[in-house]
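Undergrad: One file: work.cif (mmCIF, C-alpha atoms).
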data_work
#
loop_
_atom_site.group_PDB
_atom_site.id
_atom_site.type_symbol
_atom_site.label_atom_id
_atom_site.label_comp_id
_atom_site.auth_asym_id
_atom_site.auth_seq_id
_atom_site.Cartn_x
_atom_site.Cartn_y
_atom_site.Cartn_z
ATOM 1 C CA MET L 2 -9.961 -8.899 1.893
ATOM 2 C CA ARG L 3 -7.163 -11.407 1.954
ATOM 3 C CA TYR L 4 -4.495 -10.765 -0.641
ATOM 4 C CA THR L 5 -3.737 -13.734 -2.799
ATOM 5 C CA ASN L 6 -0.791 -11.879 -4.313
ATOM 6 C CA PHE L 7 0.974 -10.098 -1.481
ATOM 7 C CA LEU L 8 3.301 -8.122 -3.772
ATOM 8 C CA ALA L 9 0.521 -6.855 -5.990
ATOM 9 C CA GLY L 10 -1.414 -5.946 -2.879
ATOM 10 C CA VAL L 11 1.450 -3.914 -1.469
ATOM 11 C CA ALA L 12 1.971 -2.119 -4.781
ATOM 12 C CA ALA L 13 -1.722 -1.384 -5.199
ATOM 13 C CA LEU L 14 -1.940 -0.150 -1.650
ATOM 14 C CA ALA L 15 0.998 2.172 -2.117
ATOM 15 C CA VAL L 16 -0.732 3.765 -5.069
ATOM 16 C CA THR L 17 -4.105 3.753 -3.365
ATOM 17 C CA MET L 18 -2.627 5.428 -0.361
ATOM 18 C CA GLY L 19 -2.111 8.483 -2.530
ATOM 19 C CA VAL L 20 1.474 7.934 -3.505
ATOM 20 C CA ALA L 21 2.538 7.946 -7.124
ATOM 21 C CA VAL L 22 4.737 4.864 -7.468
ATOM 22 C CA ALA L 23 5.894 5.739 -10.989
ATOM 23 C CA GLU L 24 6.368 9.496 -10.817
ATOM 24 C CA ASP L 25 8.628 9.396 -13.863
ATOM 25 C CA GLY L 26 5.603 8.913 -16.109
ATOM 26 C CA ALA L 27 6.782 5.558 -17.398
ATOM 27 C CA ALA L 28 4.157 4.035 -19.659
ATOM 28 C CA GLU L 29 2.712 0.648 -18.837
ATOM 29 C CA ASP L 30 1.110 -1.686 -21.327
ATOM 30 C CA GLY L 31 -2.687 -1.711 -21.560
ATOM 31 C CA ALA L 32 -3.138 -4.963 -19.636
ATOM 32 C CA ALA L 33 -0.989 -3.716 -16.754
ATOM 33 C CA GLN L 34 -2.886 -0.422 -16.672
ATOM 34 C CA ALA L 35 -6.229 -2.236 -16.638
ATOM 35 C CA ALA L 36 -5.094 -4.537 -13.823
ATOM 36 C CA ALA L 37 -3.785 -1.587 -11.807
ATOM 37 C CA ALA L 38 -7.028 0.331 -12.341
ATOM 38 C CA LYS L 39 -9.035 -2.683 -11.169
ATOM 39 C CA ARG L 40 -6.910 -3.039 -8.006
ATOM 40 C CA LEU L 41 -7.247 0.667 -7.309
ATOM 41 C CA GLY L 42 -11.007 0.542 -7.743
ATOM 42 C CA GLN L 43 -11.274 -2.408 -5.378
ATOM 43 C CA ALA L 44 -9.059 -0.699 -2.809
ATOM 44 C CA PHE L 45 -11.085 2.514 -3.094
ATOM 45 C CA THR L 46 -14.291 0.563 -2.441
ATOM 46 C CA ARG L 47 -12.760 -1.041 0.657
ATOM 47 C CA ALA L 48 -11.465 2.331 1.891
ATOM 48 C CA ASP L 49 -14.828 4.087 1.424
ATOM 49 C CA ALA L 50 -16.114 3.058 4.858
ATOM 50 C CA ASN L 51 -19.539 4.681 4.596
ATOM 51 C CA GLY L 52 -20.063 3.654 0.957
ATOM 52 C CA ASP L 53 -20.909 7.160 -0.236
ATOM 53 C CA GLY L 54 -18.576 7.028 -3.250
ATOM 54 C CA ALA L 55 -16.222 9.609 -1.752
ATOM 55 C CA LEU L 56 -13.036 9.048 0.211
ATOM 56 C CA THR L 57 -12.214 11.327 3.116
ATOM 57 C CA LEU L 58 -8.781 11.707 4.654
ATOM 58 C CA ALA L 59 -10.133 10.043 7.808
ATOM 59 C CA GLU L 60 -11.329 7.036 5.764
ATOM 60 C CA LEU L 61 -7.955 6.873 4.030
ATOM 61 C CA ARG L 62 -6.092 6.828 7.349
ATOM 62 C CA GLU L 63 -8.439 4.165 8.758
ATOM 63 C CA PHE L 64 -7.884 2.073 5.637
ATOM 64 C CA ARG L 65 -4.129 2.473 6.026
ATOM 65 C CA THR L 66 -4.388 1.370 9.648
ATOM 66 C CA ARG L 67 -6.288 -1.804 8.707
ATOM 67 C CA THR L 68 -3.868 -2.428 5.855
ATOM 68 C CA ALA L 69 -0.796 -1.977 8.044
ATOM 69 C CA GLU L 70 -2.208 -4.460 10.535
ATOM 70 C CA ARG L 71 -2.560 -7.027 7.733
ATOM 71 C CA LEU L 72 0.831 -6.302 6.179
ATOM 72 C CA ASP L 73 2.752 -6.457 9.475
ATOM 73 C CA ARG L 74 2.379 -10.206 9.579
ATOM 74 C CA ASN L 75 4.993 -10.765 12.299
ATOM 75 C CA GLY L 76 3.595 -8.015 14.557
ATOM 76 C CA ASP L 77 6.875 -6.179 15.111
ATOM 77 C CA GLY L 78 5.430 -2.743 14.251
ATOM 78 C CA PHE L 79 7.220 -2.531 10.903
ATOM 79 C CA ILE L 80 6.285 -3.435 7.334
ATOM 80 C CA SER L 81 9.310 -5.235 5.972
ATOM 81 C CA SER L 82 10.595 -8.129 3.915
ATOM 82 C CA ALA L 83 10.251 -10.259 7.051
ATOM 83 C CA ASP L 84 6.472 -9.988 6.621
ATOM 84 C CA ALA L 85 6.426 -11.531 3.140
ATOM 85 C CA PRO L 86 5.010 -15.021 2.916
ATOM 86 C CA ARG L 87 7.947 -17.423 2.675
ATOM 87 C CA ARG L 88 7.127 -18.705 -0.787
ATOM 88 C CA ARG L 89 6.914 -15.148 -2.184
ATOM 89 C CA ALA L 90 10.125 -14.064 -0.464
ATOM 90 C CA ALA L 91 11.877 -17.175 -1.774
ATOM 91 C CA ARG L 92 11.049 -16.135 -5.327
ATOM 92 C CA GLY L 93 12.969 -12.904 -4.752
ATOM 93 C CA ARG L 94 10.110 -10.693 -5.941
ATOM 94 C CA PHE L 95 9.456 -8.890 -2.684
ATOM 95 C CA ASP L 96 12.547 -6.722 -2.182
ATOM 96 C CA GLY L 97 11.933 -4.423 -5.157
ATOM 97 C CA ARG L 98 8.428 -3.637 -3.941
ATOM 98 C CA MET L 99 9.718 -3.021 -0.419
ATOM 99 C CA ASP L 100 12.269 -0.597 -1.865
ATOM 100 C CA GLU L 101 9.381 1.381 -3.396
ATOM 101 C CA ILE L 102 7.480 1.360 -0.109
ATOM 102 C CA ARG L 103 10.586 2.432 1.849
ATOM 103 C CA THR L 104 11.300 5.242 -0.613
ATOM 104 C CA GLN L 105 7.820 6.647 -0.177
ATOM 105 C CA PHE L 106 7.023 5.996 3.480
ATOM 106 C CA ASP L 107 10.318 5.885 5.438
ATOM 107 C CA ALA L 108 10.005 9.388 6.900
ATOM 108 C CA ASN L 109 12.894 9.139 9.359
ATOM 109 C CA GLY L 110 15.312 7.504 6.901
ATOM 110 C CA ASP L 111 16.148 4.514 9.088
ATOM 111 C CA GLY L 112 15.610 2.042 6.242
ATOM 112 C CA ARG L 113 12.419 0.645 7.797
ATOM 113 C CA VAL L 114 8.732 1.542 7.450
ATOM 114 C CA SER L 115 6.924 1.626 10.757
ATOM 115 C CA VAL L 116 3.194 1.152 10.944
ATOM 116 C CA ALA L 117 2.936 4.812 12.029
ATOM 117 C CA GLU L 118 4.965 5.974 9.003
ATOM 118 C CA PHE L 119 2.690 3.970 6.727
ATOM 119 C CA VAL L 120 -0.540 5.238 8.300
ATOM 120 C CA ASP L 121 0.565 8.879 8.481
ATOM 121 C CA GLY L 122 2.629 8.838 5.279
ATOM 122 C CA PRO L 123 2.341 11.078 2.240
ATOM 123 C CA THR L 124 -1.023 11.529 0.582
ATOM 124 C CA ALA L 125 0.130 13.198 -2.637
ATOM 125 C CA GLY L 126 -2.427 11.475 -4.862
ATOM 126 C CA PHE L 127 -5.239 12.150 -2.397
ATOM 127 C CA ASP L 128 -4.185 15.789 -2.141
ATOM 128 C CA ARG L 129 -4.147 16.141 -5.946
ATOM 129 C CA ALA L 130 -7.597 14.558 -6.231
ATOM 130 C CA ASP L 131 -9.055 16.711 -3.415
ATOM 131 C CA ALA L 132 -9.526 19.795 -5.565
ATOM 132 C CA ASN L 133 -11.576 21.712 -3.018
#
Could I get this file's structure written as structure tokens?
TA:
Amino acid sequence: MRYTNFLAGVAALAVTMGVAVAEDGAAEDGAAQAAAAKRLGQAFTRADANGDGALTLAELREFRTRTAERLDRNGDGFISSADAPRRRAARGRFDGRMDEIRTQFDANGDGRVSVAEFVDGPTAGFDRADAN
């Protein structure tokens, strides 16, 4: 899939990757919740490589790998503001989303998110959903 809205794609992917973006329980309006649920459903379908309706940790990591390759548009091995399409970066809407991604995936605290950190990052949501 090619994201038409890079920022929404990054946010949806962060959530899909098993990370709770809004851990504070902040309520969203109904339209925002519906849009987020739709993005999550679409991402789940793309991540479910064998189409069995279940997502394994291996499928999740493979999905993250494919996603990181798409997000690292300049090929420097990091997912950063430098990867944002120019017109989106010019609107100033990218940095807040990158702050969320850095907060959740920057394991070594260097202020950057490497492809490896993204692929191997936390899977809190996945772990919560994997009851057995």
Undergrad: Pull out every residue that the PyMOL selection byres ((chain L and resi 108) around 12) matches in the shown coordinates and put them as JSON, numbers by chain.
TA: {"L": [102, 103, 104, 105, 106, 107, 109, 110, 111, 112, 113, 114, 115, 116, 117, 118, 119, 120, 121, 122, 123]}
Undergrad: Do you have the atom CA of L:Lys39-atom CA of L:Glu60 distance handy?
TA: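 Calculated distance between atom CA of L:Lys39 and atom CA of L:Glu60 is 19.7 Å.
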Undergrad: What would the selection look like, as a PyMOL selection string, if the PyMOL selection byres ((chain L and resi 67) around 12) were run on the coordinates I just shared?
TA: chain L and resi 2-3+14+44+47-48+50+60-66+68-73+116-117+119-120
Undergrad: Give the centre and edge lengths of an axis-aligned box, in Å to one decimal, that holds all listed atoms of stretch 39-55 of chain L with 4 Å on each side, as lines of an AutoDock Vina configuration file.
TA:
center_x = -13.9
center_y = 3.3
center_z = -3.2
size_x = 22.0
size_y = 20.6
size_z = 24.0
Undergrad: At what distance in Å, to one decimal, does atom CA of L:Ile80 lie from atom CA of L:Met99?
TA: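 Interatomic distance here is 8.5 Å.
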Undergrad: How many Å lie between atom CA of L:Leu41 and atom CA of L:Gly54, rounded to one decimal?
TA: 13.6 Å
Undergrad: Which is closest to L:Phe45 among L:Ser82, L:Arg98, L:Asn133, L:Phe127, if we use all atoms listed in the file?
TA: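 Smallest separation from L:Phe45 among the options: L:Phe127.
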